[in-house]
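First comes the structure, then the notes that go with it.
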Amino acid sequence: MHALFDGDWKGLGIDLSPVSLPRAVRMFSCVGCFWVLLSSALVAICSFSFISPAWIVKEHLKNKDSVSFGLLWHCSESLDHMYRCYTFGGLGKFQEIPSSSWQTSAVLCSGGCALLAVSSLLAIITIFLPGGACERRICTLAGYMQMASVFIMGTGLVVYPFGFNSNLVKSFCGDSDIYNAGECQIGWGYMLAIVGVMLTLFLPFFAKYAPKEQLSPTPLPTLL
């Protein structure tokens with residue numbers, strides 16, 4: 001009777017052998033979801049630190065106003081707690097950033113942050129793609145982009161302290177020099193950027209394991 005039913009189904013063009021059963025595919029990957037969330041969070045951290053005016057900070061000292069510098073901003077807080085921020089040069093002209101090192105750092109950090117944002121967008125796209133070669137290629141591409149963003153932003157952070165010997169920084173921080181902030185201190189904006197770059201180091205690793213796994217069906221016992 002078993003052979004009879006097999007013959008009937010085969011006559012209808014239907015093959016019920018285990019090999020013909022479709023392979024189950026996960027709708028999402030836990031590693032992939034974590035990769036997307038971490039990528040998005042690091043883009044926000046990168047953008048926030050980039051526009052932060054607190055890369056160098058000098059607190060109130062000897063009845064003087066506190067000052068802080070960022071890549072693009074110069075802020076001051078008076079003794080009566082009036083807070084004012086200005087772009088370098090008044091009109092935000094790039095060439096008027098007070099140090100060529102800061103100009104280079106601004107280009108590198110903004111470029112690395114933009115590259116990280118594009119790779120984060122690619123990571124989000126992979127969530128809606130079925131598992132396969134296309135998804136793996138996009139994950140690989142995004143991983144390479146994130147690796148490149150680490151080197152670019154890291155170089156920008158290394159170059160930034162070379163601008164401590166500029167006349168503007170010396171006028172507020174006293175005897176400052178390369179990698180020596182003088183009377184000033186490294187602010188939370190610069191430290192946040194360092195933490196963001198260090199966490200970005202893990203993104204290419206997660207990108208490698210982000211693609212969805214295909215689950216093969218449970219094999220039927222041979223005795224059946």
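Here's how to read the names in the structure tokens: chain A, B, ... by the order shown, residue numbers from 1 in each chain, ligand numbers from 1 in the order shown.
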
Please identify which residues in stretch 55-162 of chain A DSSP calls strand (DSSP E) from the backbone, and express them as a list in words.
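Here is the list: Ile56, Val57, Lys58, Ser66, Val67, Ser68, Phe69, Trp73, His74, Cys75, Ser76, Glu77, Tyr83, Arg84, Cys85, Tyr86 and Thr87 of chain A.
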
Please write the residues from the selection above to a file, keeping all heavy atoms, as a tab-separated table (two decimals), in the first residue's frame.
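Generated file (again.tsv):
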chain	number	residue	atom	x	y	z
A	56	ILE	N	39.11	70.13	24.18
A	56	ILE	CA	40.06	70.70	25.15
A	56	ILE	C	39.25	71.60	26.06
A	56	ILE	O	38.44	72.40	25.59
A	56	ILE	CB	41.17	71.51	24.47
A	56	ILE	CG1	41.87	70.70	23.39
A	56	ILE	CG2	42.19	71.98	25.49
A	56	ILE	CD1	42.93	71.49	22.65
A	57	VAL	N	39.50	71.52	27.36
A	57	VAL	CA	38.70	72.26	28.33
A	57	VAL	C	39.64	72.94	29.32
A	57	VAL	O	40.64	72.36	29.77
A	57	VAL	CB	37.73	71.34	29.09
A	57	VAL	CG1	36.95	72.11	30.13
A	57	VAL	CG2	36.77	70.66	28.11
A	58	LYS	N	39.30	74.19	29.66
A	58	LYS	CA	39.99	74.90	30.73
A	58	LYS	C	38.93	75.45	31.68
A	58	LYS	O	38.07	76.23	31.28
A	58	LYS	CB	40.85	76.04	30.18
A	58	LYS	CG	41.61	76.79	31.27
A	58	LYS	CD	42.44	77.93	30.69
A	58	LYS	CE	43.18	78.67	31.80
A	58	LYS	NZ	43.98	79.80	31.27
A	66	SER	N	36.02	80.16	31.75
A	66	SER	CA	36.41	78.82	31.28
A	66	SER	C	36.23	78.77	29.77
A	66	SER	O	35.33	79.41	29.20
A	66	SER	CB	35.55	77.75	31.96
A	66	SER	OG	34.20	77.87	31.56
A	67	VAL	N	37.08	78.02	29.12
A	67	VAL	CA	37.04	77.92	27.66
A	67	VAL	C	37.10	76.44	27.27
A	67	VAL	O	37.58	75.60	28.04
A	67	VAL	CB	38.20	78.69	27.00
A	67	VAL	CG1	38.07	80.17	27.24
A	67	VAL	CG2	39.54	78.17	27.48
A	68	SER	N	36.63	76.14	26.09
A	68	SER	CA	36.71	74.79	25.54
A	68	SER	C	36.81	74.88	24.03
A	68	SER	O	36.29	75.82	23.41
A	68	SER	CB	35.50	73.95	25.95
A	68	SER	OG	34.30	74.52	25.45
A	69	PHE	N	37.50	73.91	23.44
A	69	PHE	CA	37.69	73.85	21.99
A	69	PHE	C	37.24	72.50	21.48
A	69	PHE	O	37.42	71.47	22.15
A	69	PHE	CB	39.17	74.05	21.63
A	69	PHE	CG	39.76	75.35	22.10
A	69	PHE	CD1	40.45	75.41	23.29
A	69	PHE	CD2	39.61	76.50	21.36
A	69	PHE	CE1	41.00	76.59	23.73
A	69	PHE	CE2	40.15	77.70	21.79
A	69	PHE	CZ	40.85	77.74	22.99
A	73	TRP	N	34.40	74.22	16.93
A	73	TRP	CA	33.78	75.18	17.82
A	73	TRP	C	34.75	75.68	18.88
A	73	TRP	O	35.68	74.98	19.29
A	73	TRP	CB	32.56	74.57	18.52
A	73	TRP	CG	31.47	74.19	17.60
A	73	TRP	CD1	31.32	72.99	16.94
A	73	TRP	CD2	30.37	74.99	17.20
A	73	TRP	NE1	30.19	73.00	16.17
A	73	TRP	CE2	29.58	74.22	16.31
A	73	TRP	CE3	29.96	76.28	17.51
A	73	TRP	CZ2	28.42	74.70	15.73
A	73	TRP	CZ3	28.80	76.76	16.94
A	73	TRP	CH2	28.04	75.98	16.06
A	74	HIS	N	34.49	76.91	19.33
A	74	HIS	CA	35.21	77.50	20.45
A	74	HIS	C	34.15	78.07	21.39
A	74	HIS	O	33.36	78.93	20.99
A	74	HIS	CB	36.15	78.61	19.96
A	74	HIS	CG	36.67	79.49	21.06
A	74	HIS	ND1	36.91	80.83	20.88
A	74	HIS	CD2	36.99	79.22	22.33
A	74	HIS	CE1	37.34	81.35	22.01
A	74	HIS	NE2	37.40	80.39	22.91
A	75	CYS	N	34.10	77.56	22.61
A	75	CYS	CA	33.08	77.97	23.56
A	75	CYS	C	33.73	78.59	24.80
A	75	CYS	O	34.86	78.24	25.17
A	75	CYS	CB	32.21	76.79	23.99
A	75	CYS	SG	31.23	76.08	22.64
A	76	SER	N	33.01	79.48	25.44
A	76	SER	CA	33.48	80.10	26.68
A	76	SER	C	32.31	80.25	27.64
A	76	SER	O	31.17	80.46	27.22
A	76	SER	CB	34.11	81.46	26.40
A	76	SER	OG	33.16	82.34	25.84
A	77	GLU	N	32.62	80.12	28.93
A	77	GLU	CA	31.61	80.29	29.98
A	77	GLU	C	32.13	81.33	30.97
A	77	GLU	O	33.18	81.15	31.59
A	77	GLU	CB	31.35	78.97	30.71
A	77	GLU	CG	30.26	79.07	31.77
A	77	GLU	CD	30.05	77.77	32.51
A	77	GLU	OE1	30.81	76.81	32.27
A	77	GLU	OE2	29.12	77.70	33.33
A	83	TYR	N	27.00	81.18	28.71
A	83	TYR	CA	27.71	80.23	27.85
A	83	TYR	C	27.58	80.68	26.39
A	83	TYR	O	26.48	80.87	25.89
A	83	TYR	CB	27.13	78.83	28.03
A	83	TYR	CG	28.04	77.71	27.63
A	83	TYR	CD1	29.14	77.37	28.41
A	83	TYR	CD2	27.81	76.99	26.45
A	83	TYR	CE1	29.98	76.33	28.05
A	83	TYR	CE2	28.64	75.95	26.10
A	83	TYR	CZ	29.73	75.62	26.90
A	83	TYR	OH	30.56	74.59	26.53
A	84	ARG	N	28.72	80.83	25.71
A	84	ARG	CA	28.72	81.29	24.32
A	84	ARG	C	29.62	80.38	23.49
A	84	ARG	O	30.70	80.00	23.94
A	84	ARG	CB	29.21	82.74	24.22
A	84	ARG	CG	28.37	83.75	24.97
A	84	ARG	CD	28.95	85.15	24.83
A	84	ARG	NE	28.15	86.15	25.52
A	84	ARG	CZ	28.28	86.47	26.81
A	84	ARG	NH1	29.21	85.85	27.55
A	84	ARG	NH2	27.53	87.39	27.36
A	85	CYS	N	29.15	80.06	22.30
A	85	CYS	CA	29.92	79.21	21.38
A	85	CYS	C	30.01	79.90	20.03
A	85	CYS	O	29.06	80.54	19.57
A	85	CYS	CB	29.27	77.84	21.22
A	85	CYS	SG	29.41	76.77	22.67
A	86	TYR	N	31.17	79.75	19.39
A	86	TYR	CA	31.42	80.35	18.08
A	86	TYR	C	32.13	79.33	17.21
A	86	TYR	O	32.95	78.55	17.68
A	86	TYR	CB	32.30	81.60	18.21
A	86	TYR	CG	31.83	82.61	19.23
A	86	TYR	CD1	32.30	82.57	20.54
A	86	TYR	CD2	30.89	83.59	18.90
A	86	TYR	CE1	31.86	83.48	21.49
A	86	TYR	CE2	30.46	84.51	19.84
A	86	TYR	CZ	30.95	84.44	21.14
A	86	TYR	OH	30.51	85.35	22.08
A	87	THR	N	31.80	79.38	15.94
A	87	THR	CA	32.58	78.60	15.00
A	87	THR	C	33.89	79.33	14.72
A	87	THR	O	33.96	80.55	14.83
A	87	THR	CB	31.82	78.41	13.67
A	87	THR	OG1	31.46	79.69	13.14
A	87	THR	CG2	30.57	77.58	13.88

Give me every helix (DSSP H, G or I) residue in stretch 24-220 of chain A, going by DSSP on the backbone, as a PyMOL selection string.
chain A and resi 30-50+94-96+100-127+133-165+167-173+188-200+203-208

Check the smallest atom-to-atom distance from each of A:Glu59, A:Gly163, A:Ser99, A:Phe128 to A:Cys33 using only C-alpha atoms, then report the winner.
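Answer, going by the shortest atom-to-atom distance: A:Phe128.
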
Please measure the separation of atom CA of A:Trp102 and atom CA of A:Tyr160, giving the value in Å to one decimal.
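So the two atoms, atom CA of A:Trp102 and atom CA of A:Tyr160, lie 5.4 Å apart.
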
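Shortest separation to A:Ile194 among A:Val158, A:Leu116, A:Val43, A:Leu129 occurs at residue A:Val158, atoms counted being only C-alpha atoms.
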
Can you measure atom CA of A:Gly111 to atom CA of A:Ala142 for me? One decimal in Å is fine.
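Interatomic distance here is 15.3 Å.
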
Using only C-alpha atoms, the shortest atom-to-atom distance to A:Val107 among A:Thr200, A:Thr155, A:Asn167, A:Ser49 belongs to A:Thr155

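For the pair atom CA of A:Phe206 and atom CA of A:Trp35, the separation is 5.8 Å.
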
Selected residue, from A:Val169, A:Ala123, A:Ala207, A:Leu141, that lies nearest to A:Trp55 when counting only C-alpha atoms:
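Of A:Val169, A:Ala123, A:Ala207, A:Leu141, the one nearest A:Trp55 is A:Val169, counting only C-alpha atoms.
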
Selection near A:Ser176, 12 Å with only C-alpha atoms, sequence-local residues under 6 positions removed, as a list in words
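Final neighbour list, sorted by chain and number: Ile56, Pro161, Phe162, Gly163, Phe164, Asn165, Ser166, Asn167, Leu168, Val169, Lys170, Gly182, Glu183, Cys184 and Gln185 of chain A.
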